[in-house]
Amino acid sequence: MVRYNPKEVEPRWRAAWDEAEVFRAETGSPKPKYYVLEMFPYPSGSLHVGHARNYAMGDVVARFKRARGFNVLHPMGWDAFGLPAENAAAERGVDPAAWTWDNIARMREELKRLGLSIDWTRELATCDPAYYGHQQAWFLELLERGLVYRKEGLVNWDPVDMTVLANEQVIDGRGWRSGAVVERRKLTQWFLRITDYAEELLQGLAGLDRWPDKVRLMQENWIGKSQGLRLTFRFAGDGPAEGLCVYTTRPDTLYGASFLAVAPDHPLADSLAAADPAVAAFVAQVRKGGTSEAEIESAEKLGWDTGLRVLHPFDKTREIPVWIANFVLMDYGTGAIFGCPAHDQRDLDFARKYDLRVTPVVLPSGEDPILFHVKHEAYVGPGRIYNSEFLDGLEIEEAKAAAVARAEADGIGEGATVYRLRDWGVARQRGWGCPIPVIHCQTCGVVPTPPEQLPVRLPEGLDFSKPGNPLARHPTWKHAVCPACGGQAERETDTLDTFVDSSWYFARFPDPAAAMPIDAAAADYWLPVDQYIGGVEHAVLHLLYARFVTRALADEGMLTVREPFAGLFTQGMVTHETYRRQSGEWVEPGVVDIRSEGATRRAVITATGEPVQIGEAEKMSKSKRNVVAPADIADVYGVDAARLFVLSDSPPERDVQWTSTGVEGAWRLINRIWAEFDEGVTGAAGEIDDSATRELRRATHKAIKAVTESIEGFRFNSAVARLYEFVAAVRNARAAAVSPAARREALGVLARLVAPFAPHLAEECWRTLGESGLIALASWPQWEQALVEDDERLLPVQINGKRRGEVRAPAGASSEEVEKLVFGNAEIVQRLEGLTVRKVIVVTDRIVNVVAG
RNA sequence: GCCGCCGUAGCUCAGUGGUAGAGCGCAUCCUUGGUAAGGCUGAGGUCCGGAGUUCAAUCCUCCGCGGCGGCACCA
């Protein structure tokens with residue numbers, strides 16, 4: 001018996017793979033291509049088992065597809081710009097570039113240790129000028145095409161860090177890092193015109209049939225398409241001559257309008273505020289309102305009656321008051337609405353507060369028009385229109401169409417489509433990001449950096465010790481010569497949102513050394529990504545940005561695909577129990593000893609015996625100190641055990657709870673597998689047992705089929721479960737005198753089925769079996785159909801729906817044959833005594849139900 | 001508030017319109033020359049609750065309850 005020693009075995013095979021360059025992808029190979037990609041990591045400096053799970057999943061797919069004859073591209077890179085490096089710089093005075101590159105070096109070694117079948121020759125990092133220079137190049141092309149623009153907009157401003165924050169960096173109204181209350185500030189910002197593609201991004205979702213429905217739904221909601229009417233009201237008496245334009249999705253309820261309301265930052269409100277300090281005071285008051293969930297939730301509706309009146313578009317005898325209201329959003333629709341309190345809860349709340357008219361115009365079926373009233377709950381259900389002149393009697397949808405048609409005929413409005421999606425604000429006042437490559441000139445305005453001056457590199461020696469943008473503070477960096485007039489000018493000091501970096505990296509991997517941002521031929525060969533894998537937290541932002549940028553670059557002629565990711569899989573997190581001392585201090589799992597006493601588990605600190613509280617399994621985080629690093633596991637059980645475990649316990653899309661007992665289970669499986677190979681192919685002595693041989697062969701071919709289908713269906717946990725069963729079958733067959741050929745077949749299949757999950761073990765087994773080549777290059781086994789079909793079935797027999805016995809029948813037996821067997825079965829006949837058989841239902845190869853009374 | 005997901009053994013979770021499962025834990029026993037262990041056997045279930053459809057519901061439909069996630073004054 002040779003013990004399986006992963007510490008010796010695993011590095012040896014990794015060296016063999018490197019030596020043979022087996023994972024190198026060849027652009028243009030005649031084999032069918034398969035591009036598998038996991039979302040690239042931020043180089044935080046240390047890998048945890050959550051990363052391991054993500055990359056192990058991609059690796060299973062990559063190795064499986066390679067074995068199935070595909071030319072596989074499985075690259076790796078680094079999402080390397082971002083705040084942690086700046087934080088490290090601010091806190092410890094280190095250079096963010098040096099810090100980042102150190103982390104990359106460390107994480108690269110940890111990733112390599114996982115035995116991932118990655119083509120490392122294509123590695124890239126977004127903080128590398130060789131990468132971001134190309135990003136600047138295409139950014140300028142988009143600028144030229146008008147897809148990049150500057151505008152003044154409201155942004156989340158962190159007054160302590162002195163920077164703009166992305167929405168997701170604002171937590172409960174406070175900066176995620178500084179904890180300062182975030183202000184809404186008007187600032188000139190760079191935007192990418194993603195809204196130009198809103199319709200296409202929405203339509204494209206329908207074709208993404210290998211994406212999770214959940215993600216498609218989230219994107220659909222995010223884009224938020226709505227159809228309605230843009231309608232201009234004329235002022236009665238005072239007011240701007242052009243009138244006031246509102247957007248509504250409920251033109252059918254126009255006769256229920258009792259007020260108009262504009263956003264506090266609407267131009268009309270601005271001009272009124274300029275003339276009247278009281279209005280200005282009101283606007284200032286509502287703008288101060290916080291952005292936290294709780295504040296928005298409980299925010300009271302506040303309004304200011306401007307005194308202006310508009311005429312009802314279909315009834316010039318009616319005048320409607322115009323208010324300024326805090327719940328109207330400037331950046332949606334036209335920033336102005338008409339309020340129909342009877343059929344909109346927000347409008348109703350507002351109307352009740354300010355005592356405005358509430359006229360129902362949609363009558364639910366079965367209600368009496370005289371008696372129907374709306375009190376504190378708006379009616380938003382179906383019904384017929386009434387109190388509405390020419391719309392009376394119509395269904396809601398008919399009335400919408402009629403109202404739009406009338407507005408269009410009268411020349412006061414038109415049908416309109418509006419999206420919730422906003423343009424993408426990409427400027428950040430940060431020093432560790434991709435510089436926006438433009439120059440501001442007093443005389444020429446915004447001038448693009450000439451292509452030959454790209455990349456615009458970040459300077460060295462930035463000062464991160466103070467809040468604010470270090471690029472703006474740098475003594476010399478921003479001084480530039482205007483490329484247009486040659487005069488003195490200044491560089492843009494904002495850098496790009498790191499989501500820009502990650503919105504095209506998958507298109508760079510096909511040729512990461514190309515002189516152009518994207519090599520057309522290589523990208524054409526490899527794209528789209530056949531299988532993309534990552535966390536569901538990127539369901540909207542990253543995945544939507546990447547879909548947008550792909551289209552923008554395609555329209556630039558740089559890409560031929562418009563949809564970057566043909567298949568998407570969103571994997572769950574790895575969680576871990578948390579441990580806490582009496583004092584409340586979190587304790588890492590490594591120093592805790594778990595003891596089972598009967599059914600209860602207790603935890604103590606190993607060194608001192610001090611008891612600790614066992615808490616819920618939570619997402620691994622430094623603050624809860626429940627992070628497990630793959631390296632810790634590899635030192636004891638090897639990385640194969642860690643890979644097996646993170647894939648085995650739970651379906652890939654769900655969270656998995658890391659436990660030491662679980663990884664021990666995986667380790668035992670590895671040893672059981674190894675023991676079979678160590679045993680060799682010689683079966684028990686004596687006459688060959690044909691029946692046992694046949695059973696082993698059946699088990700072998702069933703295992704091939706089950707594991708193959710499980711991997712294809714992304715059910716890695718059931719694939720591993722099938723491996724458990726198959727190993728048991730191989731082991732049990734050892735007791736009988738099975739033919740050496742059948743055992744050899746079983747072991748050869750076992751090694752290849754294990755290979756995607758535990759590749760080092762599989763190589764060792766493969767060599768032990770006497771194979772000379774690498775299993776990483778071996779082809780996937782095929783199953784024989786005849787061996788996976790049972791020729792006999794065990795059919796449960798129910799009497800009135802309860803299981804009362806079973807019969808053995810040939811596969812595919814007819815109802816008549818099965819009935820004969822059922823009524824020839826003594827146990828069943830006895831059960832039926834005294835009952836009249838009314839009906840017999842035979843489901844071929846499944847079950848029999850006898851209905852009797 | 002809107003949308004989605006989940007609820008099955010002590011724990012973590014598979015699964016299926018037709019015999020309720022796995023890993024871990026627990027109990028019993030065996031082995032102590034596969035020993036940084038290994039193996040046998042076993043106990044343990046109102047499949048969240050209620051109604052409906054069906055010959056048959058843990059599964060499908062509807063109504064609840066509980067947990068989680070996304071969006072959130074989007075007119």
# chains A, B, ... in the order shown; residues from 1 in each chain; ligands from 1
$ interface_residues --of "chain A" --to "chain B" --cutoff "6 Å" --atoms "only C-alpha atoms (C1' of nucleotides)" --output "number ranges by chain"
A: 248, 327, 420, 650, 801, 847
$ write_last_selection --atoms "C-alpha atoms" --output "PDB file, in the first residue's frame"
ATOM      1  CA  THR A 248     -47.321  59.586 -17.818  1.00  0.00           C
ATOM      2  CA  PHE A 327     -41.242  62.961  -4.619  1.00  0.00           C
ATOM      3  CA  ARG A 420     -35.295  53.972 -16.099  1.00  0.00           C
ATOM      4  CA  SER A 650     -24.332  22.265  -2.613  1.00  0.00           C
ATOM      5  CA  GLY A 801     -52.337   5.587  -4.201  1.00  0.00           C
ATOM      6  CA  ILE A 847     -45.398   2.311 -11.483  1.00  0.00           C
TER       7      ILE A 847
END
$ select_by_dssp --residues "stretch 486-601 of chain A" --states "helix (DSSP H, G or I)" --output "compact mmCIF listing (two decimals) with N, CA and C atoms, in the first residue's frame"
# COMPACT_ATOMS: atom_id res chain seq x y z
N THR A 498 -13.72 51.88 -12.20
CA THR A 498 -13.08 50.59 -12.50
C THR A 498 -14.01 49.64 -13.26
N PHE A 499 -15.30 49.95 -13.28
CA PHE A 499 -16.19 49.11 -14.10
C PHE A 499 -15.89 49.28 -15.58
N VAL A 500 -15.26 50.39 -15.95
CA VAL A 500 -14.85 50.55 -17.35
C VAL A 500 -13.74 49.53 -17.66
N ASP A 501 -12.79 49.41 -16.72
CA ASP A 501 -11.69 48.46 -16.92
C ASP A 501 -12.21 47.05 -17.18
N TYR A 505 -12.27 43.51 -20.81
CA TYR A 505 -11.06 42.69 -20.67
C TYR A 505 -11.18 41.34 -21.38
N PHE A 506 -12.42 40.82 -21.41
CA PHE A 506 -12.67 39.53 -22.07
C PHE A 506 -12.38 39.60 -23.57
N ALA A 507 -12.41 40.82 -24.12
CA ALA A 507 -12.13 40.99 -25.55
C ALA A 507 -10.63 41.19 -25.80
N ARG A 508 -9.90 41.43 -24.73
CA ARG A 508 -8.45 41.63 -24.83
C ARG A 508 -7.72 40.28 -24.75
N ALA A 520 -8.87 42.08 -34.18
CA ALA A 520 -10.15 41.70 -34.77
C ALA A 520 -10.23 40.21 -35.07
N ALA A 521 -9.17 39.67 -35.65
CA ALA A 521 -9.22 38.26 -36.06
C ALA A 521 -9.30 37.35 -34.84
N ALA A 522 -8.47 37.65 -33.85
CA ALA A 522 -8.45 36.78 -32.65
C ALA A 522 -9.78 36.89 -31.91
N ALA A 523 -10.28 38.10 -31.80
CA ALA A 523 -11.56 38.28 -31.09
C ALA A 523 -12.68 37.61 -31.87
N ASP A 524 -12.60 37.70 -33.17
CA ASP A 524 -13.63 37.09 -34.00
C ASP A 524 -13.62 35.57 -33.82
N TYR A 525 -12.43 35.02 -33.65
CA TYR A 525 -12.32 33.57 -33.45
C TYR A 525 -12.87 33.16 -32.08
N TRP A 526 -12.51 33.91 -31.03
CA TRP A 526 -12.82 33.43 -29.68
C TRP A 526 -14.17 33.91 -29.12
N VAL A 536 -23.30 36.70 -8.38
CA VAL A 536 -24.55 37.32 -8.80
C VAL A 536 -24.58 38.81 -8.43
N GLU A 537 -23.64 39.24 -7.58
CA GLU A 537 -23.60 40.65 -7.21
C GLU A 537 -23.29 41.54 -8.42
N HIS A 538 -22.79 40.93 -9.49
CA HIS A 538 -22.52 41.70 -10.70
C HIS A 538 -23.64 41.59 -11.72
N LEU A 541 -24.67 45.68 -12.76
CA LEU A 541 -23.68 46.67 -13.16
C LEU A 541 -22.65 46.13 -14.15
N HIS A 542 -21.77 45.26 -13.69
CA HIS A 542 -20.70 44.80 -14.58
C HIS A 542 -21.25 44.17 -15.85
N LEU A 543 -22.23 43.30 -15.70
CA LEU A 543 -22.73 42.57 -16.86
C LEU A 543 -23.46 43.48 -17.84
N LEU A 544 -24.10 44.50 -17.33
CA LEU A 544 -24.78 45.43 -18.23
C LEU A 544 -23.75 46.35 -18.91
N TYR A 545 -22.78 46.82 -18.14
CA TYR A 545 -21.74 47.67 -18.72
C TYR A 545 -20.98 46.92 -19.82
N ALA A 546 -20.67 45.66 -19.54
CA ALA A 546 -19.91 44.87 -20.52
C ALA A 546 -20.74 44.66 -21.79
N ARG A 547 -22.03 44.45 -21.65
CA ARG A 547 -22.89 44.27 -22.82
C ARG A 547 -22.94 45.57 -23.62
N PHE A 548 -22.98 46.69 -22.90
CA PHE A 548 -23.01 47.99 -23.57
C PHE A 548 -21.70 48.27 -24.30
N VAL A 549 -20.58 48.11 -23.60
CA VAL A 549 -19.29 48.44 -24.21
C VAL A 549 -19.04 47.55 -25.42
N THR A 550 -19.44 46.28 -25.32
CA THR A 550 -19.27 45.38 -26.47
C THR A 550 -20.00 45.94 -27.69
N ARG A 551 -21.19 46.44 -27.49
CA ARG A 551 -21.95 47.01 -28.61
C ARG A 551 -21.31 48.29 -29.13
N ALA A 552 -20.87 49.12 -28.19
CA ALA A 552 -20.24 50.38 -28.60
C ALA A 552 -18.99 50.09 -29.42
N LEU A 553 -18.19 49.12 -28.97
CA LEU A 553 -16.97 48.79 -29.70
C LEU A 553 -17.29 48.11 -31.03
N ALA A 554 -18.38 47.36 -31.05
CA ALA A 554 -18.79 46.74 -32.32
C ALA A 554 -19.18 47.83 -33.32
N ASP A 555 -19.87 48.85 -32.84
CA ASP A 555 -20.26 49.94 -33.74
C ASP A 555 -19.06 50.77 -34.16
N PRO A 589 -11.39 30.42 12.62
CA PRO A 589 -11.66 28.98 12.73
C PRO A 589 -10.40 28.19 13.08
N GLY A 590 -9.25 28.67 12.62
CA GLY A 590 -8.02 27.91 12.80
C GLY A 590 -7.66 27.63 14.25
N VAL A 591 -8.06 28.50 15.17
CA VAL A 591 -7.66 28.30 16.56
C VAL A 591 -8.77 27.67 17.39
$ atom_distance --atom1 "atom CA of A:Gly77" --atom2 "atom CA of A:Asn54"
14.1 Å
$ atom_distance --atom1 "atom CA of A:Glu10" --atom2 "atom CA of A:Phe726"
23.6 Å
$ residues_around --residues "stretch 379-383 of chain A" --least-positions-apart "5" --cutoff "8 Å" --atoms "only C-alpha atoms (C1' of nucleotides)" --output "list in words"
Ala342, His343, Asp344, Val362, Leu363, Pro364, Ser365, Val374, Glu395 and Ile396 of chain A
$ write_last_selection --atoms "C-alpha atoms" --output "CSV table (one decimal), in the first residue's frame"
chain,number,residue,atom,x,y,z
A,342,ALA,CA,-57.5,58.0,-7.2
A,343,HIS,CA,-55.3,55.7,-9.1
A,344,ASP,CA,-51.8,56.3,-7.8
A,362,VAL,CA,-61.5,53.8,-13.3
A,363,LEU,CA,-64.4,51.8,-12.1
A,364,PRO,CA,-63.7,48.2,-11.0
A,365,SER,CA,-66.2,45.7,-12.4
A,374,VAL,CA,-61.2,56.0,-3.0
A,395,GLU,CA,-61.0,49.4,-20.9
A,396,ILE,CA,-57.8,50.8,-19.5
$ select_by_dssp --residues "stretch 210-308 of chain A" --states "strand (DSSP E or B)" --output "short mmCIF file (atom, residue, chain, number, x, y, z; two decimals) with all heavy atoms, in the first residue's frame"
data_model
loop_
_atom_site.label_atom_id
_atom_site.label_comp_id
_atom_site.auth_asym_id
_atom_site.auth_seq_id
_atom_site.Cartn_x
_atom_site.Cartn_y
_atom_site.Cartn_z
N ARG A 210 -28.86 31.09 -22.28
CA ARG A 210 -28.01 30.37 -21.32
C ARG A 210 -27.59 31.29 -20.17
O ARG A 210 -26.54 31.14 -19.58
CB ARG A 210 -26.80 29.75 -22.02
CG ARG A 210 -27.21 28.58 -22.95
CD ARG A 210 -26.06 27.66 -23.26
NE ARG A 210 -24.98 28.34 -23.95
CZ ARG A 210 -23.74 28.49 -23.45
NH1 ARG A 210 -23.43 28.00 -22.26
NH2 ARG A 210 -22.82 29.12 -24.13
N LYS A 225 -38.10 49.74 -19.02
CA LYS A 225 -38.80 50.38 -20.13
C LYS A 225 -40.26 50.63 -19.78
O LYS A 225 -40.91 49.76 -19.19
CB LYS A 225 -38.73 49.46 -21.35
CG LYS A 225 -39.43 50.01 -22.57
CD LYS A 225 -39.27 49.04 -23.74
CE LYS A 225 -39.91 49.61 -24.99
NZ LYS A 225 -39.64 48.76 -26.16
N SER A 226 -40.74 51.80 -20.12
CA SER A 226 -42.18 52.03 -19.96
C SER A 226 -42.71 52.80 -21.16
O SER A 226 -41.98 53.56 -21.81
CB SER A 226 -42.48 52.80 -18.67
OG SER A 226 -42.18 54.17 -18.83
N GLN A 227 -43.98 52.57 -21.49
CA GLN A 227 -44.62 53.23 -22.63
C GLN A 227 -45.65 54.19 -22.06
O GLN A 227 -46.38 53.84 -21.15
CB GLN A 227 -45.37 52.21 -23.48
CG GLN A 227 -44.55 51.02 -23.87
CD GLN A 227 -43.98 51.14 -25.26
OE1 GLN A 227 -43.87 52.26 -25.79
NE2 GLN A 227 -43.63 50.03 -25.86
N GLY A 228 -45.69 55.36 -22.61
CA GLY A 228 -46.67 56.32 -22.09
C GLY A 228 -46.87 57.48 -23.04
O GLY A 228 -46.69 57.34 -24.25
N LEU A 229 -47.21 58.59 -22.44
CA LEU A 229 -47.54 59.79 -23.21
C LEU A 229 -46.76 60.97 -22.66
O LEU A 229 -46.72 61.18 -21.45
CB LEU A 229 -49.04 60.08 -23.09
CG LEU A 229 -49.55 61.43 -23.61
CD1 LEU A 229 -49.41 61.51 -25.14
CD2 LEU A 229 -51.01 61.63 -23.20
N ARG A 230 -46.12 61.68 -23.58
CA ARG A 230 -45.51 62.95 -23.19
C ARG A 230 -46.51 64.03 -23.60
O ARG A 230 -46.94 64.06 -24.76
CB ARG A 230 -44.18 63.14 -23.90
CG ARG A 230 -43.13 63.80 -23.04
CD ARG A 230 -41.89 64.18 -23.81
NE ARG A 230 -41.39 63.12 -24.67
CZ ARG A 230 -40.47 62.23 -24.30
NH1 ARG A 230 -39.96 62.27 -23.10
NH2 ARG A 230 -40.05 61.31 -25.15
N LEU A 231 -46.88 64.85 -22.66
CA LEU A 231 -48.01 65.74 -22.88
C LEU A 231 -47.70 67.13 -22.35
O LEU A 231 -47.16 67.27 -21.24
CB LEU A 231 -49.22 65.16 -22.13
CG LEU A 231 -50.52 65.96 -22.12
CD1 LEU A 231 -51.14 65.97 -23.52
CD2 LEU A 231 -51.49 65.34 -21.12
N THR A 232 -48.01 68.16 -23.17
CA THR A 232 -47.74 69.53 -22.73
C THR A 232 -49.02 70.22 -22.29
O THR A 232 -50.01 70.23 -23.03
CB THR A 232 -47.08 70.33 -23.86
OG1 THR A 232 -45.85 69.67 -24.21
CG2 THR A 232 -46.76 71.74 -23.40
N PHE A 233 -48.98 70.74 -21.07
CA PHE A 233 -50.11 71.51 -20.54
C PHE A 233 -49.85 73.00 -20.80
O PHE A 233 -48.72 73.47 -20.61
CB PHE A 233 -50.25 71.30 -19.02
CG PHE A 233 -50.81 69.96 -18.63
CD1 PHE A 233 -50.03 68.81 -18.69
CD2 PHE A 233 -52.13 69.85 -18.18
CE1 PHE A 233 -50.54 67.58 -18.31
CE2 PHE A 233 -52.65 68.61 -17.81
CZ PHE A 233 -51.86 67.49 -17.88
N PHE A 235 -50.39 76.95 -19.79
CA PHE A 235 -50.67 77.67 -18.55
C PHE A 235 -51.91 78.55 -18.72
O PHE A 235 -52.16 79.09 -19.80
CB PHE A 235 -49.48 78.55 -18.16
CG PHE A 235 -48.39 77.75 -17.52
CD1 PHE A 235 -47.34 77.26 -18.29
CD2 PHE A 235 -48.41 77.46 -16.16
CE1 PHE A 235 -46.35 76.50 -17.72
CE2 PHE A 235 -47.41 76.71 -15.58
CZ PHE A 235 -46.37 76.21 -16.36
N ALA A 236 -52.65 78.66 -17.67
CA ALA A 236 -53.76 79.60 -17.63
C ALA A 236 -53.22 80.86 -16.97
O ALA A 236 -52.80 80.82 -15.82
CB ALA A 236 -54.91 79.04 -16.81
N LEU A 244 -46.00 73.28 -19.84
CA LEU A 244 -45.30 72.36 -18.95
C LEU A 244 -45.51 70.94 -19.46
O LEU A 244 -46.64 70.47 -19.63
CB LEU A 244 -45.86 72.49 -17.53
CG LEU A 244 -45.20 71.63 -16.45
CD1 LEU A 244 -43.70 71.87 -16.38
CD2 LEU A 244 -45.85 71.92 -15.10
N CYS A 245 -44.38 70.27 -19.73
CA CYS A 245 -44.45 68.94 -20.33
C CYS A 245 -44.31 67.87 -19.26
O CYS A 245 -43.38 67.90 -18.45
CB CYS A 245 -43.34 68.81 -21.37
SG CYS A 245 -43.42 67.26 -22.26
N VAL A 246 -45.27 66.95 -19.23
CA VAL A 246 -45.22 65.85 -18.26
C VAL A 246 -45.15 64.53 -19.01
O VAL A 246 -45.46 64.44 -20.20
CB VAL A 246 -46.45 65.82 -17.33
CG1 VAL A 246 -46.63 67.15 -16.63
CG2 VAL A 246 -47.70 65.43 -18.09
N TYR A 247 -44.72 63.50 -18.29
CA TYR A 247 -44.73 62.15 -18.84
C TYR A 247 -45.62 61.29 -17.95
O TYR A 247 -45.58 61.39 -16.72
CB TYR A 247 -43.33 61.55 -18.86
CG TYR A 247 -43.32 60.09 -19.26
CD1 TYR A 247 -43.57 59.70 -20.57
CD2 TYR A 247 -43.10 59.09 -18.30
CE1 TYR A 247 -43.59 58.36 -20.93
CE2 TYR A 247 -43.11 57.75 -18.66
CZ TYR A 247 -43.36 57.40 -19.97
OH TYR A 247 -43.39 56.07 -20.32
N THR A 248 -46.45 60.47 -18.59
CA THR A 248 -47.32 59.59 -17.82
C THR A 248 -47.45 58.24 -18.52
O THR A 248 -47.39 58.15 -19.74
CB THR A 248 -48.72 60.17 -17.64
OG1 THR A 248 -49.53 59.25 -16.91
CG2 THR A 248 -49.39 60.44 -18.99
N PHE A 259 -53.73 67.67 -9.93
CA PHE A 259 -52.62 68.61 -9.78
C PHE A 259 -51.49 68.21 -10.74
O PHE A 259 -51.47 67.09 -11.24
CB PHE A 259 -52.09 68.65 -8.34
CG PHE A 259 -51.49 67.35 -7.86
CD1 PHE A 259 -50.12 67.11 -7.98
CD2 PHE A 259 -52.29 66.36 -7.28
CE1 PHE A 259 -49.57 65.91 -7.54
CE2 PHE A 259 -51.75 65.17 -6.84
CZ PHE A 259 -50.38 64.94 -6.97
N LEU A 260 -50.60 69.15 -10.99
CA LEU A 260 -49.35 68.85 -11.66
C LEU A 260 -48.25 69.07 -10.63
O LEU A 260 -48.40 69.89 -9.73
CB LEU A 260 -49.10 69.78 -12.87
CG LEU A 260 -49.46 69.20 -14.25
CD1 LEU A 260 -50.94 68.85 -14.31
CD2 LEU A 260 -49.08 70.16 -15.36
N ALA A 261 -47.16 68.31 -10.76
CA ALA A 261 -46.06 68.53 -9.83
C ALA A 261 -44.74 68.44 -10.59
O ALA A 261 -44.58 67.59 -11.46
CB ALA A 261 -46.09 67.48 -8.71
N VAL A 262 -43.83 69.33 -10.25
CA VAL A 262 -42.49 69.29 -10.85
C VAL A 262 -41.47 68.97 -9.76
O VAL A 262 -41.72 69.19 -8.57
CB VAL A 262 -42.11 70.63 -11.53
CG1 VAL A 262 -43.12 70.98 -12.63
CG2 VAL A 262 -42.01 71.75 -10.50
N GLY A 303 -44.94 69.42 -0.48
CA GLY A 303 -45.25 70.15 -1.70
C GLY A 303 -45.31 71.65 -1.47
O GLY A 303 -45.42 72.12 -0.33
N TRP A 304 -45.23 72.38 -2.54
CA TRP A 304 -45.31 73.84 -2.51
C TRP A 304 -46.20 74.26 -3.67
O TRP A 304 -45.90 73.95 -4.82
CB TRP A 304 -43.91 74.45 -2.68
CG TRP A 304 -43.92 75.94 -2.67
CD1 TRP A 304 -44.09 76.75 -3.76
CD2 TRP A 304 -43.78 76.80 -1.55
NE1 TRP A 304 -44.06 78.05 -3.38
CE2 TRP A 304 -43.87 78.12 -2.02
CE3 TRP A 304 -43.60 76.57 -0.17
CZ2 TRP A 304 -43.77 79.23 -1.17
CZ3 TRP A 304 -43.49 77.67 0.66
CH2 TRP A 304 -43.58 78.98 0.17
N ASP A 305 -47.29 74.91 -3.34
CA ASP A 305 -48.21 75.34 -4.40
C ASP A 305 -47.63 76.59 -5.05
O ASP A 305 -47.47 77.63 -4.39
CB ASP A 305 -49.58 75.65 -3.78
CG ASP A 305 -50.61 75.97 -4.86
OD1 ASP A 305 -50.23 76.14 -6.04
OD2 ASP A 305 -51.81 76.02 -4.53
N THR A 306 -47.31 76.50 -6.33
CA THR A 306 -46.66 77.63 -7.02
C THR A 306 -47.63 78.75 -7.33
O THR A 306 -47.22 79.84 -7.70
CB THR A 306 -46.05 77.17 -8.36
OG1 THR A 306 -47.12 76.73 -9.21
CG2 THR A 306 -45.06 76.04 -8.16
N GLY A 307 -48.92 78.44 -7.22
CA GLY A 307 -49.91 79.45 -7.59
C GLY A 307 -50.19 79.45 -9.08
O GLY A 307 -51.17 80.03 -9.53
N LEU A 308 -49.33 78.82 -9.86
CA LEU A 308 -49.56 78.72 -11.30
C LEU A 308 -50.69 77.73 -11.57
O LEU A 308 -50.88 76.78 -10.80
CB LEU A 308 -48.29 78.28 -12.02
CG LEU A 308 -47.08 79.22 -11.87
CD1 LEU A 308 -45.84 78.58 -12.49
CD2 LEU A 308 -47.38 80.57 -12.52
#
$ residues_around --residues "B:U8" --least-positions-apart "5" --cutoff "10 Å" --atoms "only C-alpha atoms (C1' of nucleotides)" --output "JSON, numbers by chain"
{"B": [13, 14, 15, 20, 21, 45, 47, 58]}
$ atom_distance --atom1 "atom CA of A:Lys624" --atom2 "atom CA of A:Phe464"
28.0 Å
$ residues_around --residues "A:Ala480" --least-positions-apart "6" --cutoff "12 Å" --atoms "only C-alpha atoms (C1' of nucleotides)" --output "list in words"
Pro437, Val438, Ile439, His440, Cys441, Gln442, Val447, Pro448, Thr449, Gln453, Val456, Gly486, Gly487, Gln488, Ala489, Glu490, Arg491, Glu492 and Thr493 of chain A
$ residues_around --residues "A:Arg346" --least-positions-apart "3" --cutoff "9 Å" --atoms "only C-alpha atoms (C1' of nucleotides)" --output "ChimeraX atom specification"
/A:301,327,339,341,349-351,378 /B:73,75
$ residues_around --residues "B:G50" --least-positions-apart "6" --cutoff "12 Å" --atoms "only C-alpha atoms (C1' of nucleotides)" --output "list of chain:residue names"
B:C62, B:C63, B:G64, B:C65
$ write_last_selection --atoms "N, CA and C atoms (P, O5', C5', C4', C3', O3' and C1' of nucleotides)" --output "CSV table (one decimal), in the first residue's frame"
chain,number,residue,atom,x,y,z
B,62,C,P,-50.4,30.0,-9.0
B,62,C,O5',-51.6,30.1,-7.9
B,62,C,C5',-52.9,30.6,-8.3
B,62,C,C4',-53.8,30.5,-7.1
B,62,C,C3',-53.4,31.2,-5.8
B,62,C,O3',-53.6,32.6,-5.8
B,62,C,C1',-54.2,29.0,-5.3
B,63,C,P,-52.6,33.5,-4.9
B,63,C,O5',-53.1,33.2,-3.5
B,63,C,C5',-54.5,33.4,-3.1
B,63,C,C4',-54.7,33.0,-1.7
B,63,C,C3',-53.6,33.5,-0.7
B,63,C,O3',-53.8,34.8,-0.3
B,63,C,C1',-54.1,31.2,-0.3
B,64,G,P,-52.6,35.6,0.3
B,64,G,O5',-52.7,35.1,1.8
B,64,G,C5',-51.5,35.0,2.5
B,64,G,C4',-51.8,34.1,3.7
B,64,G,C3',-50.6,34.0,4.6
B,64,G,O3',-50.6,35.0,5.6
B,64,G,C1',-51.2,31.8,4.0
B,65,C,P,-49.3,36.0,5.7
B,65,C,O5',-48.3,35.1,6.6
B,65,C,C5',-48.8,34.5,7.8
B,65,C,C4',-47.8,33.4,8.3
B,65,C,C3',-46.4,33.8,8.2
B,65,C,O3',-46.0,34.7,9.3
B,65,C,C1',-46.6,31.7,7.3
$ closest_residue --among "A:Leu471, A:Ala407, A:Ala97, A:Ala427" --to "A:Pro129" --atoms "only C-alpha atoms"
A:Ala97
